[in-house]
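Worksheet for the structure shown next.
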Amino acid sequence: MVTLSKEQHLDMFLKMQRIRDVDMTLNKLVRRGFVQGMTHFSVGEEAASVGAIHDLTDQDIIFSNHRGHGQTIAKGIDLNAMMAELAGKATGSSKGRGGSMHLANLEKGNYGTNGIVGGGYALAVGAALTQQYENTGNIVIAFSGDSATNEGSFHESVNLAAVWNLPVIFFIINNRYGISTDITYSTKISHLYLRGEAYGVPGYYVEDGNDVVAVYETMHEVIDYVRAGNGPAIVEVESYRWFGHSTADAGVYRTKEEVDTWKAKDPLKKYRAYLTENGLASDQELDAIVEQVAQEVKDAVTFAQDSPEPDMSVAFQDVWVD
Ligand SMILES: Cc1ncc(C[n+]2csc(CCOP(=O)(O)OP(=O)(O)O)c2C)c(N)n1
Ligand SMILES: [Mg+2]
């Protein structure tokens, strides 16, 4: 058991609320053409991102996938820069050239979301090799979904990381679907963390990935293990996306009952109950955070809307190192 301070708890609650509010807001704005390109929401999976990232420093590195708003926010991006990026504006975190699936924030160690399923694993292994080679003491997390672990790049990356004893964690959010394909149609084994066994990598499992404290406690142990130079680890947490795979999903492959069952396991409600029942925060304190975040998100949308379009000349900037 790790003891988290009240400040740490409130920070985790705030980050989870930010993820929730940003994606709920975007879900409405998408229909009004605010977002440039396709986007995938993290609503329902907030605890997994925040619990996994809370113990990282700004120098520790993350790579994410197409569903990366949650990790991007948990790693501390400025909301104005994120919203402007989603809207394709010049003030965006990647000057409006990236959008939802190329959200990066290098100062905070976010090396980017990625539209190629399984595309982040090998990049994470490369970044972990740099940390080892330069003896920085920093670690790397490669976030992915369940389905991506069927890509060859997952297996090659885990194997290489194991052989080279690299400081990288493969963090899998198992939401049971790859677009509309149920996991039982694509994967024979019951738990993805077991895949580590084949490569000599320890696997950790959090059954309730909607419990931010449970995710945090496991990750606290795993991060210490990896930072101490013991080599890579795999972590699998179970969670669920409330919305469709992307903004273009009619949702015909799952029942309303199934979605409702998971909505009842709302990570934010669960955390609020934990904090209030354990005397760590009052409902009033948490309500104040909810209000503060609502204002931040509103301001970020206004900032993005009022920002200029990028000039075409930026398209070829930052492609090569000078
Ligand atoms: C190499 C590649 N193959 C297929 C796709 C299309 N695609 C986008 S997301 C996705 C499913 C990913 O599922 P999972 O890894 O479980 O993540 P989740 O969407 O559930 O968070 C697929 C097949 C892609 N973007 N890249
Ligand atoms: Mg999935």
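In the structure tokens, chains take letters A, B, ... by order of appearance, with residues numbered from 1 within each chain and ligands from 1 in the order shown.
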List as a PDB file with N, CA, C and O atoms, in the first residue's frame the protein and nucleic acid residues lying within 9 Å of ligand 2, with only C-alpha atoms and all ligand atoms counted.
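The resulting file, pocket03.pdb, is reproduced below:
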```
ATOM      1  N   SER A 144      -1.177   1.439 -25.214  1.00  0.00           N
ATOM      2  CA  SER A 144      -1.904   0.906 -26.368  1.00  0.00           C
ATOM      3  C   SER A 144      -3.219   0.301 -25.912  1.00  0.00           C
ATOM      4  O   SER A 144      -3.469   0.146 -24.717  1.00  0.00           O
ATOM      5  N   GLY A 145      -4.008  -0.089 -26.897  1.00  0.00           N
ATOM      6  CA  GLY A 145      -5.220  -0.832 -26.608  1.00  0.00           C
ATOM      7  C   GLY A 145      -4.925  -2.325 -26.630  1.00  0.00           C
ATOM      8  O   GLY A 145      -3.783  -2.748 -26.853  1.00  0.00           O
ATOM      9  N   ASP A 146      -5.968  -3.103 -26.412  1.00  0.00           N
ATOM     10  CA  ASP A 146      -5.855  -4.571 -26.409  1.00  0.00           C
ATOM     11  C   ASP A 146      -5.529  -5.110 -27.809  1.00  0.00           C
ATOM     12  O   ASP A 146      -4.667  -5.965 -27.995  1.00  0.00           O
ATOM     13  N   SER A 147      -6.251  -4.576 -28.791  1.00  0.00           N
ATOM     14  CA  SER A 147      -6.154  -5.093 -30.152  1.00  0.00           C
ATOM     15  C   SER A 147      -4.753  -4.931 -30.739  1.00  0.00           C
ATOM     16  O   SER A 147      -4.277  -5.792 -31.486  1.00  0.00           O
ATOM     17  N   ALA A 148      -4.101  -3.843 -30.367  1.00  0.00           N
ATOM     18  CA  ALA A 148      -2.765  -3.547 -30.906  1.00  0.00           C
ATOM     19  C   ALA A 148      -1.749  -4.613 -30.511  1.00  0.00           C
ATOM     20  O   ALA A 148      -0.735  -4.783 -31.197  1.00  0.00           O
ATOM     21  N   ILE A 172      -1.275  -1.640 -21.360  1.00  0.00           N
ATOM     22  CA  ILE A 172      -2.386  -2.014 -22.253  1.00  0.00           C
ATOM     23  C   ILE A 172      -3.730  -1.693 -21.597  1.00  0.00           C
ATOM     24  O   ILE A 172      -4.030  -2.196 -20.510  1.00  0.00           O
ATOM     25  N   ILE A 173      -4.511  -0.865 -22.265  1.00  0.00           N
ATOM     26  CA  ILE A 173      -5.878  -0.614 -21.786  1.00  0.00           C
ATOM     27  C   ILE A 173      -6.789  -1.569 -22.550  1.00  0.00           C
ATOM     28  O   ILE A 173      -7.039  -1.399 -23.754  1.00  0.00           O
ATOM     29  N   ASN A 174      -7.232  -2.598 -21.846  1.00  0.00           N
ATOM     30  CA  ASN A 174      -8.081  -3.609 -22.473  1.00  0.00           C
ATOM     31  C   ASN A 174      -9.544  -3.190 -22.341  1.00  0.00           C
ATOM     32  O   ASN A 174     -10.157  -3.330 -21.289  1.00  0.00           O
ATOM     33  N   ASN A 175     -10.083  -2.655 -23.448  1.00  0.00           N
ATOM     34  CA  ASN A 175     -11.504  -2.265 -23.441  1.00  0.00           C
ATOM     35  C   ASN A 175     -12.345  -3.273 -24.233  1.00  0.00           C
ATOM     36  O   ASN A 175     -13.482  -2.998 -24.591  1.00  0.00           O
ATOM     37  N   ARG A 176     -11.743  -4.419 -24.523  1.00  0.00           N
ATOM     38  CA  ARG A 176     -12.404  -5.573 -25.129  1.00  0.00           C
ATOM     39  C   ARG A 176     -12.774  -5.425 -26.601  1.00  0.00           C
ATOM     40  O   ARG A 176     -13.337  -6.344 -27.200  1.00  0.00           O
ATOM     41  N   TYR A 177     -12.474  -4.286 -27.208  1.00  0.00           N
ATOM     42  CA  TYR A 177     -12.811  -4.124 -28.633  1.00  0.00           C
ATOM     43  C   TYR A 177     -11.656  -3.521 -29.429  1.00  0.00           C
ATOM     44  O   TYR A 177     -10.921  -2.660 -28.924  1.00  0.00           O
ATOM     45  N   GLY A 178     -11.523  -3.969 -30.665  1.00  0.00           N
ATOM     46  CA  GLY A 178     -10.694  -3.298 -31.659  1.00  0.00           C
ATOM     47  C   GLY A 178     -11.682  -2.839 -32.725  1.00  0.00           C
ATOM     48  O   GLY A 178     -12.207  -3.658 -33.489  1.00  0.00           O
ATOM     49  N   ILE A 179     -11.999  -1.579 -32.739  1.00  0.00           N
ATOM     50  CA  ILE A 179     -13.137  -1.017 -33.490  1.00  0.00           C
ATOM     51  C   ILE A 179     -14.385  -1.824 -33.121  1.00  0.00           C
ATOM     52  O   ILE A 179     -14.822  -1.760 -31.972  1.00  0.00           O
ATOM     53  N   THR A 181     -14.598  -5.263 -33.418  1.00  0.00           N
ATOM     54  CA  THR A 181     -14.275  -6.673 -33.195  1.00  0.00           C
ATOM     55  C   THR A 181     -14.108  -6.977 -31.712  1.00  0.00           C
ATOM     56  O   THR A 181     -13.233  -6.416 -31.052  1.00  0.00           O
ATOM     57  N   ASP A 182     -14.962  -7.869 -31.218  1.00  0.00           N
ATOM     58  CA  ASP A 182     -14.863  -8.298 -29.818  1.00  0.00           C
ATOM     59  C   ASP A 182     -13.550  -9.054 -29.626  1.00  0.00           C
ATOM     60  O   ASP A 182     -13.116  -9.801 -30.516  1.00  0.00           O
ATOM     61  N   ILE A 183     -12.934  -8.880 -28.487  1.00  0.00           N
ATOM     62  CA  ILE A 183     -11.609  -9.464 -28.240  1.00  0.00           C
ATOM     63  C   ILE A 183     -11.595 -10.988 -28.426  1.00  0.00           C
ATOM     64  O   ILE A 183     -10.588 -11.558 -28.857  1.00  0.00           O
ATOM     65  N   TYR A 240     -13.224   0.485 -20.277  1.00  0.00           N
ATOM     66  CA  TYR A 240     -14.249   0.470 -21.321  1.00  0.00           C
ATOM     67  C   TYR A 240     -14.434   1.875 -21.870  1.00  0.00           C
ATOM     68  O   TYR A 240     -14.416   2.840 -21.110  1.00  0.00           O
ATOM     69  N   ARG A 241     -14.589   1.978 -23.194  1.00  0.00           N
ATOM     70  CA  ARG A 241     -14.896   3.301 -23.760  1.00  0.00           C
ATOM     71  C   ARG A 241     -16.403   3.453 -23.863  1.00  0.00           C
ATOM     72  O   ARG A 241     -17.085   2.576 -24.388  1.00  0.00           O
ATOM     73  N   HIS A 245     -16.079   3.750 -31.246  1.00  0.00           N
ATOM     74  CA  HIS A 245     -14.633   3.675 -31.497  1.00  0.00           C
ATOM     75  C   HIS A 245     -14.071   5.047 -31.885  1.00  0.00           C
ATOM     76  O   HIS A 245     -13.077   5.503 -31.361  1.00  0.00           O
TER      77      HIS A 245
END
```
Open item on the list: DSSP on the backbone, strand (DSSP E) only: what residues of region 32-281 of chain A does that give? Format it as an MDAnalysis selection string.
Closed with: chainID A and resid 61:63 140:145 168:174 177:178 181:182 203:206 233:238
Would you output that residue set with N, CA, C and O atoms, as a tab-separated table (two decimals), in the first residue's frame?
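So the final result, stored in again.tsv, reads:
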```tsv
chain	number	residue	atom	x	y	z
A	61	ILE	N	9.05	9.57	-20.32
A	61	ILE	CA	8.49	9.72	-21.68
A	61	ILE	C	7.28	8.80	-21.90
A	61	ILE	O	7.29	7.66	-21.43
A	62	ILE	N	6.30	9.30	-22.59
A	62	ILE	CA	5.19	8.43	-22.99
A	62	ILE	C	4.99	8.48	-24.52
A	62	ILE	O	5.27	9.49	-25.16
A	63	PHE	N	4.52	7.37	-25.03
A	63	PHE	CA	4.03	7.28	-26.41
A	63	PHE	C	2.61	6.78	-26.32
A	63	PHE	O	2.32	5.87	-25.53
A	140	VAL	N	10.15	4.95	-19.85
A	140	VAL	CA	9.25	5.19	-20.98
A	140	VAL	C	8.01	4.31	-20.81
A	140	VAL	O	8.12	3.16	-20.37
A	141	ILE	N	6.84	4.86	-21.15
A	141	ILE	CA	5.63	4.03	-21.20
A	141	ILE	C	5.06	4.07	-22.62
A	141	ILE	O	4.89	5.15	-23.19
A	142	ALA	N	4.77	2.88	-23.15
A	142	ALA	CA	4.07	2.78	-24.44
A	142	ALA	C	2.63	2.40	-24.14
A	142	ALA	O	2.35	1.29	-23.67
A	143	PHE	N	1.71	3.32	-24.37
A	143	PHE	CA	0.28	3.04	-24.15
A	143	PHE	C	-0.32	2.42	-25.41
A	143	PHE	O	-0.03	2.87	-26.53
A	144	SER	N	-1.18	1.44	-25.21
A	144	SER	CA	-1.90	0.91	-26.37
A	144	SER	C	-3.22	0.30	-25.91
A	144	SER	O	-3.47	0.15	-24.72
A	145	GLY	N	-4.01	-0.09	-26.90
A	145	GLY	CA	-5.22	-0.83	-26.61
A	145	GLY	C	-4.93	-2.32	-26.63
A	145	GLY	O	-3.78	-2.75	-26.85
A	168	VAL	N	11.27	0.26	-20.10
A	168	VAL	CA	10.02	0.58	-20.79
A	168	VAL	C	8.88	-0.28	-20.26
A	168	VAL	O	9.06	-1.47	-19.99
A	169	ILE	N	7.72	0.37	-20.12
A	169	ILE	CA	6.51	-0.34	-19.67
A	169	ILE	C	5.51	-0.36	-20.83
A	169	ILE	O	5.23	0.69	-21.43
A	170	PHE	N	5.02	-1.53	-21.15
A	170	PHE	CA	3.97	-1.66	-22.16
A	170	PHE	C	2.64	-1.67	-21.41
A	170	PHE	O	2.32	-2.65	-20.73
A	171	PHE	N	1.91	-0.57	-21.50
A	171	PHE	CA	0.69	-0.40	-20.71
A	171	PHE	C	-0.52	-0.59	-21.63
A	171	PHE	O	-0.75	0.20	-22.55
A	172	ILE	N	-1.27	-1.64	-21.36
A	172	ILE	CA	-2.39	-2.01	-22.25
A	172	ILE	C	-3.73	-1.69	-21.60
A	172	ILE	O	-4.03	-2.20	-20.51
A	173	ILE	N	-4.51	-0.86	-22.27
A	173	ILE	CA	-5.88	-0.61	-21.79
A	173	ILE	C	-6.79	-1.57	-22.55
A	173	ILE	O	-7.04	-1.40	-23.75
A	174	ASN	N	-7.23	-2.60	-21.85
A	174	ASN	CA	-8.08	-3.61	-22.47
A	174	ASN	C	-9.54	-3.19	-22.34
A	174	ASN	O	-10.16	-3.33	-21.29
A	177	TYR	N	-12.47	-4.29	-27.21
A	177	TYR	CA	-12.81	-4.12	-28.63
A	177	TYR	C	-11.66	-3.52	-29.43
A	177	TYR	O	-10.92	-2.66	-28.92
A	178	GLY	N	-11.52	-3.97	-30.67
A	178	GLY	CA	-10.69	-3.30	-31.66
A	178	GLY	C	-11.68	-2.84	-32.73
A	178	GLY	O	-12.21	-3.66	-33.49
A	181	THR	N	-14.60	-5.26	-33.42
A	181	THR	CA	-14.28	-6.67	-33.20
A	181	THR	C	-14.11	-6.98	-31.71
A	181	THR	O	-13.23	-6.42	-31.05
A	182	ASP	N	-14.96	-7.87	-31.22
A	182	ASP	CA	-14.86	-8.30	-29.82
A	182	ASP	C	-13.55	-9.05	-29.63
A	182	ASP	O	-13.12	-9.80	-30.52
A	203	GLY	N	4.45	-9.67	-16.11
A	203	GLY	CA	3.16	-9.08	-16.46
A	203	GLY	C	2.38	-8.75	-15.21
A	203	GLY	O	2.39	-9.50	-14.24
A	204	TYR	N	1.71	-7.60	-15.22
A	204	TYR	CA	0.90	-7.16	-14.08
A	204	TYR	C	-0.52	-6.93	-14.60
A	204	TYR	O	-0.71	-6.49	-15.74
A	205	TYR	N	-1.48	-7.18	-13.73
A	205	TYR	CA	-2.88	-7.10	-14.15
A	205	TYR	C	-3.70	-6.30	-13.15
A	205	TYR	O	-3.61	-6.56	-11.93
A	206	VAL	N	-4.46	-5.33	-13.62
A	206	VAL	CA	-5.39	-4.60	-12.74
A	206	VAL	C	-6.79	-4.89	-13.26
A	206	VAL	O	-7.18	-4.42	-14.34
A	233	ALA	N	8.40	-4.20	-18.44
A	233	ALA	CA	7.24	-4.86	-17.81
A	233	ALA	C	6.02	-4.62	-18.69
A	233	ALA	O	5.98	-3.66	-19.48
A	234	ILE	N	5.05	-5.50	-18.54
A	234	ILE	CA	3.76	-5.33	-19.23
A	234	ILE	C	2.69	-5.14	-18.15
A	234	ILE	O	2.68	-5.86	-17.15
A	235	VAL	N	1.81	-4.18	-18.37
A	235	VAL	CA	0.69	-3.97	-17.45
A	235	VAL	C	-0.59	-3.99	-18.27
A	235	VAL	O	-0.69	-3.30	-19.28
A	236	GLU	N	-1.55	-4.77	-17.84
A	236	GLU	CA	-2.86	-4.79	-18.49
A	236	GLU	C	-3.92	-4.32	-17.49
A	236	GLU	O	-3.95	-4.81	-16.36
A	237	VAL	N	-4.74	-3.36	-17.90
A	237	VAL	CA	-5.86	-2.94	-17.05
A	237	VAL	C	-7.16	-3.07	-17.84
A	237	VAL	O	-7.17	-2.85	-19.05
A	238	GLU	N	-8.22	-3.43	-17.15
A	238	GLU	CA	-9.53	-3.57	-17.82
A	238	GLU	C	-10.32	-2.27	-17.68
A	238	GLU	O	-10.47	-1.75	-16.57
```
- [ ] Extract, using only C-alpha atoms, all DNA, RNA and protein residues at most 9 Å from region 218-232 of chain A, discarding same-chain residues fewer than 5 positions from it, and format them as a list of chain:residue names.
- [x]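 The contact residues come out as A:Val2, A:Gly51, A:Ala52, A:Ile53, A:His54, A:Asp55, A:Leu56, A:Gln132, A:Gly137, A:Asn138, A:Ile139, A:Val158, A:Ala161, A:Ala162, A:Val163, A:Trp164, A:Asn165, A:Leu166, A:Pro167, A:Val168, A:Ile169, A:Phe170, A:Val201, A:Pro202, A:Tyr204, A:Tyr205, A:Val206, A:Val213.
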TODO: Choose the residue, out of A:Leu160, A:His102, A:Asn80, A:Gly209, that has the smallest atom-to-atom separation from Thr302 (chain A); count only C-alpha atoms.
DONE: A:Asn80
Task: One-decimal distance in Å that lies between CA of Ser100 (chain A) and CA of His66 (chain A) - done: 7.5 Å
Open item on the list: Using only C-alpha atoms, which protein or nucleic acid residues come within 9 Å of Tyr271 (chain A)? Drop anything in the same chain fewer than 2 positions from it, and give the result as a list in words.
Closed with: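 That gives Phe13, Ala47, Asn210, Asp211, Val212, Val213, Asp266, Pro267, Leu268, Lys269, Ala273, Tyr274, Leu275 and Thr276 of chain A.
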Open item on the list: DSSP on the backbone: which residues in region 108-232 of chain A end up as alpha helix (DSSP H)? Give the answer as a PyMOL selection string.
Closed with: chain A and resi 119-133+152-163+183-186+212-227
